[in-house]
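*Asks:* What follows is the file coords_4.cif, containing mmCIF, C-alpha atoms:
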```cif
data_model
#
loop_
_atom_site.label_atom_id
_atom_site.label_comp_id
_atom_site.auth_asym_id
_atom_site.auth_seq_id
_atom_site.Cartn_x
_atom_site.Cartn_y
_atom_site.Cartn_z
CA MET A 1 1.38 -59.82 -17.58
CA PRO A 2 0.80 -62.82 -19.85
CA ILE A 3 1.63 -62.29 -23.53
CA ASP A 4 -1.42 -63.70 -25.24
CA TYR A 5 -4.05 -62.41 -27.65
CA GLU A 6 -6.74 -61.54 -25.09
CA SER A 7 -4.47 -59.77 -22.59
CA LEU A 8 -2.89 -57.62 -25.30
CA THR A 9 -6.30 -56.69 -26.72
CA ALA A 10 -7.46 -55.67 -23.23
CA LEU A 11 -4.45 -53.32 -23.00
CA GLY A 12 -5.28 -51.75 -26.34
CA ALA A 13 -2.29 -53.36 -28.05
CA ILE A 14 -2.18 -55.92 -30.84
CA MET A 15 -0.41 -59.22 -31.39
CA GLY A 16 2.06 -58.60 -34.18
CA SER A 17 5.20 -56.69 -35.00
CA GLY A 18 5.32 -53.31 -33.29
CA GLY A 19 2.32 -54.27 -31.17
CA LEU A 20 4.28 -54.07 -27.94
CA VAL A 21 7.16 -51.63 -27.53
CA VAL A 22 9.31 -51.42 -24.40
CA VAL A 23 10.67 -47.99 -23.51
CA ASP A 24 12.19 -46.38 -20.43
CA GLU A 25 11.68 -43.01 -18.77
CA ASP A 26 13.98 -41.34 -21.32
CA THR A 27 11.28 -41.72 -23.97
CA CYS A 28 8.64 -39.04 -24.22
CA MET A 29 5.26 -40.72 -24.67
CA VAL A 30 3.84 -37.85 -26.72
CA ASP A 31 6.88 -37.94 -28.99
CA LEU A 32 6.55 -41.73 -29.24
CA ALA A 33 2.92 -41.37 -30.36
CA ARG A 34 4.03 -38.72 -32.86
CA TYR A 35 6.73 -41.05 -34.21
CA PHE A 36 4.31 -43.92 -34.83
CA MET A 37 1.66 -41.59 -36.26
CA ASN A 38 4.24 -40.26 -38.70
CA PHE A 39 4.88 -43.84 -39.81
CA VAL A 40 1.24 -44.83 -40.38
CA GLN A 41 0.42 -41.49 -41.98
CA GLU A 42 3.09 -42.17 -44.57
CA GLU A 43 1.83 -45.73 -45.04
CA SER A 44 -1.82 -44.73 -45.56
CA CYS A 45 -2.98 -45.58 -49.07
CA GLY A 46 -5.43 -42.68 -49.01
CA LYS A 47 -8.53 -44.56 -50.09
CA CYS A 48 -10.75 -43.97 -47.08
CA THR A 49 -11.40 -40.55 -45.56
CA PRO A 50 -10.74 -41.28 -41.84
CA CYS A 51 -7.29 -42.80 -42.44
CA ARG A 52 -6.13 -40.41 -45.18
CA LEU A 53 -7.10 -37.22 -43.35
CA GLY A 54 -7.46 -38.47 -39.77
CA THR A 55 -3.87 -39.75 -39.45
CA LYS A 56 -2.57 -36.45 -40.83
CA ALA A 57 -4.77 -34.47 -38.44
CA MET A 58 -3.53 -36.56 -35.50
CA LEU A 59 0.10 -36.22 -36.63
CA ASP A 60 -0.14 -32.45 -36.95
CA THR A 61 -1.80 -32.15 -33.53
CA LEU A 62 0.86 -34.36 -31.90
CA THR A 63 3.66 -32.46 -33.65
CA ARG A 64 2.19 -29.21 -32.39
CA ILE A 65 2.13 -30.51 -28.81
CA THR A 66 5.72 -31.80 -28.96
CA GLN A 67 6.87 -28.44 -30.29
CA GLY A 68 5.27 -26.65 -27.38
CA ARG A 69 2.66 -25.05 -29.61
CA GLY A 70 -0.25 -27.12 -28.34
CA GLU A 71 -3.64 -25.51 -27.98
CA ALA A 72 -6.35 -26.00 -25.39
CA GLY A 73 -8.63 -28.81 -26.54
CA ASP A 74 -5.87 -30.67 -28.41
CA ILE A 75 -6.01 -33.69 -26.10
CA GLU A 76 -9.79 -34.01 -26.46
CA TYR A 77 -9.53 -33.59 -30.24
CA LEU A 78 -6.87 -36.31 -30.41
CA ALA A 79 -9.01 -38.70 -28.37
CA GLU A 80 -12.05 -38.04 -30.57
CA LEU A 81 -10.08 -38.47 -33.79
CA ALA A 82 -8.33 -41.62 -32.61
CA ASP A 83 -11.61 -43.25 -31.63
CA ALA A 84 -13.32 -42.31 -34.89
CA VAL A 85 -10.44 -43.48 -37.11
CA LYS A 86 -10.16 -46.76 -35.19
CA THR A 87 -13.84 -47.59 -35.60
CA SER A 88 -14.50 -46.31 -39.11
CA ALA A 89 -11.35 -46.89 -41.17
CA LEU A 90 -11.63 -49.30 -44.08
CA CYS A 91 -8.69 -51.63 -43.44
CA GLY A 92 -6.49 -52.94 -40.65
CA LEU A 93 -3.91 -50.19 -41.09
CA GLY A 94 -6.38 -47.42 -40.33
CA GLN A 95 -8.09 -49.43 -37.62
CA THR A 96 -4.83 -49.90 -35.70
CA ALA A 97 -3.21 -46.56 -36.66
CA PRO A 98 -4.58 -44.67 -33.63
CA ASN A 99 -3.45 -47.35 -31.13
CA PRO A 100 -0.25 -45.51 -30.05
CA VAL A 101 -2.32 -42.36 -29.44
CA LEU A 102 -5.07 -44.23 -27.60
CA THR A 103 -2.71 -46.21 -25.35
CA THR A 104 -0.45 -43.26 -24.51
CA LEU A 105 -3.53 -41.16 -23.76
CA ARG A 106 -4.88 -43.94 -21.58
CA TYR A 107 -1.74 -44.64 -19.55
CA PHE A 108 0.23 -41.37 -19.84
CA HIS A 109 -2.46 -38.71 -19.90
CA ASP A 110 -0.38 -36.70 -17.39
CA GLU A 111 2.45 -36.33 -19.87
CA TYR A 112 0.12 -34.88 -22.49
CA ALA A 113 -1.27 -32.40 -19.96
CA GLU A 114 2.26 -31.43 -18.84
CA HIS A 115 3.28 -30.73 -22.43
CA LEU A 116 0.18 -28.73 -23.16
CA TYR A 117 -0.37 -26.75 -19.99
CA GLY A 118 2.96 -26.82 -18.17
CA GLY A 119 5.40 -26.60 -21.07
CA VAL A 120 7.13 -29.62 -19.55
CA CYS A 121 8.59 -32.67 -21.30
CA ARG A 122 9.62 -34.88 -18.40
CA ALA A 123 11.70 -37.15 -20.62
CA ARG A 124 13.49 -34.04 -21.90
CA VAL A 125 13.01 -35.07 -25.51
CA CYS A 126 10.73 -32.46 -27.07
CA LYS A 127 13.07 -29.72 -28.26
CA GLY A 128 10.45 -27.02 -28.05
CA LEU A 129 10.15 -27.58 -24.31
CA ILE A 130 13.73 -28.13 -23.17
CA ARG A 131 16.81 -26.00 -22.65
CA TYR A 132 20.48 -26.89 -22.20
CA GLU A 133 22.20 -25.15 -19.31
CA ILE A 134 25.81 -25.03 -18.16
CA ILE A 135 26.18 -25.30 -14.40
CA PRO A 136 28.86 -22.69 -13.56
CA GLU A 137 30.02 -24.50 -10.39
CA LEU A 138 30.81 -27.67 -12.33
CA CYS A 139 32.15 -26.14 -15.54
CA ALA A 140 35.97 -26.34 -15.67
CA GLY A 141 36.21 -24.08 -18.68
CA CYS A 142 37.89 -26.76 -20.82
CA LEU A 143 36.53 -25.38 -24.13
CA VAL A 144 35.51 -28.87 -25.37
CA CYS A 145 31.85 -27.97 -25.72
CA LEU A 146 32.70 -24.56 -27.16
CA ARG A 147 34.87 -26.05 -29.89
CA ASN A 148 32.40 -28.82 -30.78
CA CYS A 149 29.17 -26.89 -30.69
CA THR A 150 27.64 -27.22 -34.16
CA MET A 151 25.85 -23.89 -33.88
CA ASN A 152 28.74 -21.94 -32.25
CA ALA A 153 26.28 -21.16 -29.49
CA ILE A 154 28.69 -21.52 -26.54
CA VAL A 155 30.62 -18.52 -25.34
CA GLY A 156 33.37 -18.42 -22.73
CA GLU A 157 37.08 -18.32 -22.03
CA LYS A 158 39.59 -20.96 -21.05
CA LEU A 159 39.32 -22.00 -17.39
CA LYS A 160 36.25 -19.80 -16.90
CA PRO A 161 32.65 -21.12 -16.78
CA HIS A 162 31.04 -21.11 -20.23
CA SER A 163 27.51 -20.11 -21.05
CA ILE A 164 25.06 -20.79 -23.88
CA ASN A 165 23.70 -18.23 -26.31
CA TYR A 166 20.09 -19.39 -26.59
CA ALA A 167 19.48 -17.42 -29.76
CA LEU A 168 21.87 -19.81 -31.54
CA CYS A 169 21.43 -23.09 -29.58
CA GLY A 170 19.97 -25.87 -31.75
CA LYS A 171 19.47 -28.23 -28.79
CA CYS A 172 21.50 -31.02 -30.41
CA GLY A 173 22.98 -32.18 -27.09
CA VAL A 174 26.61 -32.43 -28.29
CA CYS A 175 27.80 -30.28 -25.34
CA LYS A 176 26.12 -32.56 -22.82
CA ALA A 177 27.47 -35.69 -24.50
CA LEU A 178 31.05 -34.39 -24.57
CA CYS A 179 31.25 -32.71 -21.14
CA LYS A 180 33.59 -34.68 -18.85
CA PHE A 181 32.41 -32.77 -15.78
CA ASP A 182 28.65 -33.32 -16.14
CA ALA A 183 28.32 -29.57 -16.19
CA VAL A 184 25.57 -29.52 -18.82
CA ARG A 185 22.03 -30.26 -17.75
CA VAL A 186 18.72 -30.26 -19.57
CA THR A 187 15.88 -28.31 -18.07
CA THR A 188 12.27 -28.22 -19.07
CA GLY A 189 9.27 -26.10 -18.26
CA ASN A 190 9.93 -22.39 -18.86
CA GLY A 191 13.61 -22.68 -18.09
CA TYR A 192 13.19 -24.30 -14.69
CA SER A 193 14.40 -27.79 -13.90
CA LEU A 194 11.75 -30.38 -13.15
CA LYS A 195 12.80 -30.49 -9.48
CA GLN A 196 12.43 -26.74 -9.17
CA LEU A 197 9.06 -26.97 -10.87
CA ASP A 198 7.92 -29.80 -8.56
CA ARG A 199 9.00 -27.76 -5.58
CA ALA A 200 7.13 -24.73 -6.91
CA ILE A 201 3.99 -26.82 -7.38
CA VAL A 202 4.29 -28.27 -3.86
CA GLN A 203 4.72 -24.81 -2.37
CA MET B 1 -34.81 -63.91 -48.75
CA VAL B 2 -33.13 -62.79 -45.57
CA LYS B 3 -34.77 -61.24 -42.53
CA LEU B 4 -32.99 -58.50 -40.57
CA GLU B 5 -33.70 -55.52 -38.36
CA ILE B 6 -32.78 -51.97 -39.36
CA ASP B 7 -33.42 -49.37 -36.65
CA ASN B 8 -35.62 -51.93 -34.84
CA ARG B 9 -37.78 -52.42 -37.94
CA GLU B 10 -38.12 -55.92 -39.29
CA ILE B 11 -37.17 -55.98 -42.96
CA ARG B 12 -37.14 -58.76 -45.55
CA VAL B 13 -34.90 -58.41 -48.58
CA GLU B 14 -33.51 -60.52 -51.41
CA THR B 15 -30.25 -62.34 -50.66
CA GLY B 16 -27.31 -60.19 -51.74
CA THR B 17 -28.99 -56.85 -51.06
CA THR B 18 -26.69 -54.40 -49.30
CA ILE B 19 -27.72 -52.69 -46.07
CA LEU B 20 -27.80 -49.35 -47.90
CA GLN B 21 -30.19 -50.66 -50.57
CA ALA B 22 -32.40 -52.30 -47.94
CA ALA B 23 -32.53 -49.11 -45.88
CA ARG B 24 -33.32 -46.88 -48.83
CA MET B 25 -36.04 -49.27 -50.05
CA ASN B 26 -37.65 -48.80 -46.66
CA GLY B 27 -37.29 -45.07 -46.46
CA ILE B 28 -34.40 -45.05 -43.99
CA ALA B 29 -31.91 -42.35 -44.94
CA ILE B 30 -28.17 -43.08 -44.90
CA PRO B 31 -25.78 -40.38 -46.13
CA THR B 32 -23.34 -41.37 -48.89
CA LEU B 33 -20.61 -39.70 -50.86
CA CYS B 34 -18.68 -42.28 -52.89
CA TYR B 35 -21.75 -44.43 -53.62
CA HIS B 36 -23.49 -44.42 -56.99
CA GLU B 37 -26.31 -46.77 -58.00
CA ALA B 38 -24.71 -47.49 -61.37
CA LEU B 39 -21.32 -48.41 -59.89
CA GLU B 40 -19.85 -51.11 -57.70
CA PRO B 41 -19.61 -50.17 -53.98
CA TYR B 42 -16.30 -48.52 -53.09
CA ALA B 43 -16.67 -48.11 -49.29
CA ALA B 44 -14.11 -45.32 -49.12
CA CYS B 45 -15.90 -42.21 -47.85
CA ARG B 46 -17.08 -43.94 -44.64
CA LEU B 47 -20.08 -41.64 -44.36
CA CYS B 48 -22.51 -44.54 -44.77
CA VAL B 49 -21.17 -46.42 -41.73
CA VAL B 50 -23.83 -48.20 -39.69
CA GLU B 51 -23.56 -50.02 -36.37
CA LEU B 52 -24.00 -53.78 -36.27
CA ALA B 53 -25.57 -54.32 -32.85
CA SER B 54 -25.49 -58.03 -33.65
CA ALA B 55 -21.69 -57.93 -34.04
CA ARG B 56 -20.62 -56.16 -30.83
CA GLY B 57 -21.36 -52.70 -32.22
CA LYS B 58 -18.93 -52.96 -35.12
CA LEU B 59 -19.16 -50.13 -37.68
CA VAL B 60 -19.43 -51.27 -41.31
CA ALA B 61 -19.96 -49.47 -44.60
CA ALA B 62 -23.65 -49.89 -45.49
CA CYS B 63 -22.93 -49.55 -49.22
CA ALA B 64 -20.75 -52.64 -49.34
CA GLN B 65 -22.14 -54.84 -46.53
CA PRO B 66 -24.63 -57.46 -47.73
CA CYS B 67 -27.66 -58.13 -45.50
CA GLU B 68 -27.42 -61.30 -43.45
CA GLU B 69 -30.07 -63.29 -41.64
CA GLY B 70 -30.70 -61.97 -38.12
CA MET B 71 -28.61 -58.82 -38.48
CA ASP B 72 -29.42 -55.97 -36.11
CA VAL B 73 -28.46 -52.70 -37.82
CA LEU B 74 -28.53 -49.23 -36.26
CA THR B 75 -28.24 -46.37 -38.76
CA SER B 76 -28.15 -43.40 -36.41
CA SER B 77 -26.82 -44.59 -33.06
CA PRO B 78 -24.53 -42.22 -31.12
CA ARG B 79 -21.46 -44.17 -32.29
CA VAL B 80 -22.55 -43.88 -35.93
CA GLN B 81 -23.32 -40.19 -35.61
CA ASN B 82 -20.02 -39.54 -33.87
CA SER B 83 -18.07 -41.32 -36.58
CA ARG B 84 -19.91 -39.47 -39.37
CA ARG B 85 -19.35 -36.15 -37.62
CA ILE B 86 -15.58 -36.66 -37.49
CA THR B 87 -15.52 -37.87 -41.10
CA ALA B 88 -17.48 -34.81 -42.23
CA GLU B 89 -15.20 -32.57 -40.20
CA LEU B 90 -12.14 -34.17 -41.84
CA LEU B 91 -13.66 -33.67 -45.29
CA MET B 92 -14.10 -30.01 -44.40
CA ALA B 93 -10.35 -29.71 -43.76
CA SER B 94 -9.67 -29.36 -47.47
CA GLY B 95 -13.20 -29.07 -48.85
CA ALA B 96 -14.99 -26.51 -46.70
CA HIS B 97 -15.49 -24.35 -49.79
CA LEU B 98 -17.45 -27.07 -51.62
CA PRO B 99 -21.26 -26.81 -51.39
CA LEU B 100 -21.55 -30.61 -51.21
CA VAL B 101 -19.16 -30.94 -48.25
CA GLU B 102 -20.82 -27.98 -46.57
CA ALA B 103 -24.24 -29.61 -46.95
CA ILE B 104 -22.96 -32.91 -45.54
CA ALA B 105 -21.29 -31.19 -42.60
CA GLN B 106 -24.41 -29.18 -41.91
CA ALA B 107 -26.53 -32.34 -41.91
CA MET B 108 -24.12 -33.84 -39.34
CA GLY B 109 -24.21 -30.70 -37.22
CA VAL B 110 -20.58 -29.78 -37.91
CA GLN B 111 -20.15 -26.03 -38.11
CA TRP B 112 -16.43 -25.66 -38.48
CA ALA B 113 -13.38 -27.90 -38.77
CA ARG B 114 -10.74 -27.99 -36.07
CA TYR B 115 -8.21 -28.91 -38.72
CA SER B 116 -7.41 -27.43 -42.08
CA LEU B 117 -5.45 -28.42 -45.17
CA PRO B 118 -4.91 -26.57 -48.46
CA ALA B 119 -8.25 -26.30 -50.30
CA ASN B 120 -8.86 -29.05 -52.84
CA ASP B 121 -11.90 -29.49 -55.09
CA CYS B 122 -11.34 -33.26 -55.36
CA ILE B 123 -12.59 -35.30 -52.40
CA LEU B 124 -11.22 -38.58 -53.81
CA CYS B 125 -14.60 -40.31 -53.94
CA GLY B 126 -13.33 -42.20 -57.00
CA LEU B 127 -16.63 -41.85 -58.90
CA CYS B 128 -14.92 -40.53 -62.06
CA VAL B 129 -12.33 -43.29 -62.14
CA ARG B 130 -14.91 -46.01 -61.56
CA ALA B 131 -17.36 -44.59 -64.09
CA CYS B 132 -14.59 -44.42 -66.70
CA ASP B 133 -13.75 -48.06 -66.00
CA GLU B 134 -17.14 -49.65 -65.30
CA LEU B 135 -19.53 -47.62 -67.45
CA VAL B 136 -17.42 -46.29 -70.32
CA GLY B 137 -14.81 -49.01 -70.38
CA ALA B 138 -12.12 -46.56 -71.46
CA ARG B 139 -10.01 -46.65 -68.26
CA ALA B 140 -8.46 -43.34 -69.26
CA ILE B 141 -7.98 -42.05 -65.70
CA SER B 142 -6.99 -43.65 -62.44
CA LEU B 143 -6.14 -42.84 -58.84
CA VAL B 144 -2.41 -42.28 -58.60
CA LYS B 145 0.04 -41.91 -55.68
CA ARG B 146 -1.05 -42.61 -52.10
CA GLY B 147 -2.03 -41.07 -48.82
CA LEU B 148 -2.48 -37.33 -48.87
CA GLU B 149 -0.86 -37.12 -52.31
CA LYS B 150 -3.49 -39.38 -53.86
CA GLN B 151 -5.11 -37.81 -56.89
CA VAL B 152 -7.06 -38.55 -60.04
CA ALA B 153 -4.87 -38.42 -63.11
CA ALA B 154 -4.28 -39.87 -66.55
CA PRO B 155 -1.26 -42.19 -66.86
CA PHE B 156 1.99 -40.23 -66.43
CA GLU B 157 -0.18 -37.12 -66.09
CA ILE B 158 -0.29 -36.58 -69.84
CA ALA B 159 -3.47 -36.47 -71.93
CA SER B 160 -4.60 -40.07 -72.20
CA ALA B 161 -4.96 -41.68 -75.62
CA ALA B 162 -7.63 -43.94 -74.14
CA CYS B 163 -9.94 -40.99 -73.38
CA ILE B 164 -12.87 -40.80 -75.80
CA GLY B 165 -13.93 -37.39 -74.56
CA CYS B 166 -17.33 -38.64 -73.36
CA ALA B 167 -17.32 -36.33 -70.30
CA THR B 168 -18.79 -39.04 -68.06
CA CYS B 169 -16.17 -38.26 -65.41
CA ALA B 170 -17.02 -34.56 -65.44
CA LEU B 171 -20.75 -35.29 -65.25
CA ILE B 172 -20.49 -37.78 -62.38
CA CYS B 173 -18.08 -35.65 -60.33
CA PRO B 174 -20.11 -34.40 -57.33
CA THR B 175 -17.89 -31.41 -56.63
CA GLY B 176 -17.15 -30.11 -60.12
CA ALA B 177 -13.45 -30.85 -59.72
CA ILE B 178 -13.16 -32.12 -63.31
CA ALA B 179 -13.40 -29.42 -65.95
CA LEU B 180 -13.97 -29.91 -69.66
CA ALA B 181 -11.52 -28.28 -72.00
CA ASP B 182 -11.74 -28.19 -75.77
CA ILE B 183 -8.40 -29.52 -76.91
CA THR B 184 -9.36 -30.63 -80.43
CA PRO B 185 -7.85 -32.37 -82.19
CA ALA B 186 -7.36 -34.81 -79.34
CA PRO B 187 -3.62 -35.37 -78.89
CA HIS B 188 -2.44 -38.88 -79.76
CA SER B 189 -5.96 -40.36 -79.65
CA ALA B 190 -6.19 -44.08 -80.19
CA HIS B 191 -9.52 -43.44 -81.84
CA ASP B 192 -9.80 -42.29 -85.44
CA PRO B 193 -11.14 -38.72 -85.20
CA ARG B 194 -13.76 -37.47 -87.63
CA THR B 195 -13.28 -34.17 -89.41
CA CYS B 196 -16.17 -31.72 -89.34
CA ARG B 197 -17.31 -30.77 -92.82
CA VAL B 198 -18.09 -27.21 -91.77
CA CYS B 199 -15.29 -26.07 -89.51
CA GLY B 200 -12.68 -28.63 -90.46
CA GLU B 201 -11.87 -29.47 -86.83
CA GLN B 202 -11.48 -33.00 -85.58
CA SER B 203 -13.38 -33.92 -82.45
CA LEU B 204 -15.74 -36.91 -82.36
CA PRO B 205 -14.20 -40.36 -82.86
CA GLN B 206 -15.29 -41.82 -86.21
CA LYS B 207 -16.69 -44.91 -84.48
CA PHE B 208 -19.07 -42.83 -82.36
CA ALA B 209 -20.04 -40.52 -85.20
CA ASP B 210 -21.56 -43.40 -87.13
CA VAL B 211 -24.83 -43.49 -85.20
CA GLU B 212 -26.53 -46.09 -87.40
CA ALA B 213 -23.72 -48.60 -87.03
CA LEU B 214 -23.63 -48.00 -83.29
CA LEU B 215 -27.36 -48.60 -82.95
CA LYS B 216 -27.09 -51.84 -84.93
CA GLU B 217 -24.36 -52.96 -82.56
CA GLU B 218 -26.70 -52.25 -79.62
CA VAL B 219 -29.70 -54.02 -81.16
CA GLN B 220 -27.85 -57.13 -82.25
CA PRO B 221 -25.59 -58.22 -79.42
CA ALA B 222 -22.93 -60.62 -80.57
#
```
So that I can check it, write out the structure of this file as structure tokens.

*Replies:*
Amino acid sequence: MPIDYESLTALGAIMGSGGLVVVDEDTCMVDLARYFMNFVQEESCGKCTPCRLGTKAMLDTLTRITQGRGEAGDIEYLAELADAVKTSALCGLGQTAPNPVLTTLRYFHDEYAEHLYGGVCRARVCKGLIRYEIIPELCAGCLVCLRNCTMNAIVGEKLKPHSINYALCGKCGVCKALCKFDAVRVTTGNGYSLKQLDRAIVQ
Amino acid sequence: MVKLEIDNREIRVETGTTILQAARMNGIAIPTLCYHEALEPYAACRLCVVELASARGKLVAACAQPCEEGMDVLTSSPRVQNSRRITAELLMASGAHLPLVEAIAQAMGVQWARYSLPANDCILCGLCVRACDELVGARAISLVKRGLEKQVAAPFEIASAACIGCATCALICPTGAIALADITPAPHSAHDPRTCRVCGEQSLPQKFADVEALLKEEVQPA
């Protein structure tokens, strides 16, 4: 992949700062699009209609999807908005603002559909679609997660497997970061792990 | 003179004519919102976008784009209509209650908006601000803040001393977002107000009350 003006344009990217961003599988592409849209929406001067209102409409739609509150037709609406803002905005900011949406839709359409219709965030980033779970077989009952949980959402006794009270869990990930036994895992998709979900789909 | 094509019709216009002017002179309708014949083009509403077939289908604002030799302009291609539809739909997000926005949306075939924001009478076309600057010369109001918070306001959001109370902004406003309020005597006016002999209230600036002197000024330009 040569890094020159024409090749980047063909990909839907631009030559310039932030034009090309390298991420791994731990980044949710929908959340990434939301992050960049939040940035340009705040930068919009508000003079022209498509950029002032279009970036906000795209941001709200993306936020809705990442929170697991997406509605049928959201992906099509995003694509329509992004195309219209790109072609009709007054200045370069508005004309490039939809690029993160357009490129993630083009190359990671599956991830959008998973968020919207499967309730799955495969990168396990979108808090509305993930759940922390303690694996009883691995949990040593050391109380580290229980003591450090910011929401006091972990219940359990010393040397006995702990469990999470989901009514309190804020999904901050402190328990997973501190667990020395890798007993905390993140699941997505209606409480099932991705592997379970894949298996269910295959069956 | 420049020769160009608008909707496959050959048109000749004076150099410097905008696409919008050329189209309207030839009976081709292009919708506008922030455009006013008496004001400089603003190119902000993006409703007047047209497709330049001669420039790889680029969309430009017809109100601000001067005609160029050999241009091939399409005023109602699918791309143009699509763009206008989304723009109208976005305007409906906070202005669906305004008859003007409703009429525009209806003309574009938009029945309802898939997105909504708190209702706002101001559509930020900037006509009031530009009229106050270009026509009146008072510059009493301006567009303040940015993005979604952008609004029309007097400096520091306090009654402006530069305002002469001419009501041009209220008259030019297409949505009726600017209301007139009788706040005589004008607070901290930079203009010397004239006292009414009957009611004793101060309203009209002395300079504008002296009609004869004003007319002389008009007749004999310095």

*Asks:* When the cut-off is 8 Å and we count all atoms listed in the file, which residues of chain B are near chain A, given as a list in words?

*Replies:*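 The contacting residues on chain B are Ala43, Ala44, Cys45, Arg46, Val49, Lys58, Leu59, Val60, Asn82, Ser83, Ile86, Thr87, Leu90, Leu91, Tyr115, Leu124, Arg146, Gly147, Leu148, Glu149 and Lys150 of chain B.
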
*Asks:* Go through the shown structure with the PyMOL selection byres ((chain A and resi 157) around 12) and write out the matching residues as a list in words.

*Replies:* Cys139, Ala140, Gly141, Cys142, Leu143, Val144, Cys145, Leu146, Arg147, Ile154, Val155, Gly156, Lys158, Leu159, Lys160, Pro161, His162 and Ser163 of chain A

*Asks:* Determine, counting all atoms listed in the file, which protein, DNA and RNA residues have an atom within 9 Å of an atom of stretch 112-117 of chain A; residues of the same chain fewer than 2 positions away are not included. Present the result as a ChimeraX atom specification.

*Replies:* /A:29-30,65-72,74-75,104-105,108-110,119-122,126,129,189

*Asks:* On this structure, which residues satisfy the PyMOL selection byres ((chain A and resi 18) around 12), written as a ChimeraX atom specification?

*Replies:* /A:13-17,19-22,36,39-40,96-97,99-100

*Asks:* Just to confirm, what's the straight-line distance from atom CA of B:Ala179 to atom CA of B:Ala167 in Å (one decimal)?

*Replies:*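 Rounded to one decimal, the two atoms are 9.1 Å apart.
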
*Asks:* Quick one: residues within 10 Å of B:Val101, all atoms listed in the file, excluding same-chain residues fewer than 6 positions away - as a list of chain:residue names?

*Replies:*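 Listing them by chain and then by number gives B:Leu33, B:Ala88, B:Glu89, B:Leu91, B:Met92, B:Ala93, B:Ser94, B:Gly95, B:Ala107, B:Ile123, B:Pro174, B:Thr175.
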
*Asks:* Go through B:Asp192, B:Glu10, B:Glu40, B:Ile141 and flag the residue nearest B:Phe156, using only C-alpha atoms for the distances.

*Replies:*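 So, comparing all the options, the nearest one is B:Ile141.
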
*Asks:* With all atoms listed in the file as the atoms that count, which of A:Cys149, A:Glu111, A:Pro136, A:Thr188 lies nearest to A:Glu25?

*Replies:*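 Ranking A:Cys149, A:Glu111, A:Pro136, A:Thr188 by distance to A:Glu25, first place goes to A:Glu111.
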
*Asks:* For the atom pair atom CA of B:Cys34 and atom CA of B:Leu20, what is the interatomic distance in Å to one decimal place?

*Replies:* 12.6 Å

*Asks:* Taking only C-alpha atoms into account, name the residue in A:Ile130, A:Asn148, A:Tyr5, A:Asp31 that is nearest to A:Leu178.

*Replies:*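 Closest to A:Leu178 of all the choices is A:Asn148.
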
*Asks:* Grab the atom CA of B:Arg56 to atom CA of A:Met1 distance for me, in Å with one decimal place.

*Replies:* 25.9 Å

*Asks:* Expand the PyMOL selection byres ((chain B and resi 154) around 10) into the individual residues it matches in the shown file, reporting them as a PyMOL selection string.

*Replies:* chain B and resi 129+139-144+151-153+155-163

*Asks:* Extract, using all atoms listed in the file, all DNA, RNA and protein residues at most 8 Å from stretch 13-17 of chain B, discarding same-chain residues fewer than 6 positions from it, and format them as a ChimeraX atom specification.

*Replies:* /B:1-3,66-68

*Asks:* With a distance cut-off of 12 Å and all atoms listed in the file, select the neighbouring residues of B:Ile11, excluding the residue or stretch itself and same-chain residues fewer than 2 positions from it, and output the selection as a ChimeraX atom specification.

*Replies:* /B:1-9,13-14,17,19,21-28,67-73

*Asks:* Within 8 Å of (-23.8, -34.6, -42.2), all atoms listed in the file: residues as a list of chain:residue names?

*Replies:*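 Collected hits near the coordinates: B:Pro31, B:Arg84, B:Arg85, B:Ala88, B:Ala103, B:Ile104, B:Ala105, B:Gln106, B:Ala107, B:Met108, B:Gly109, B:Val110.
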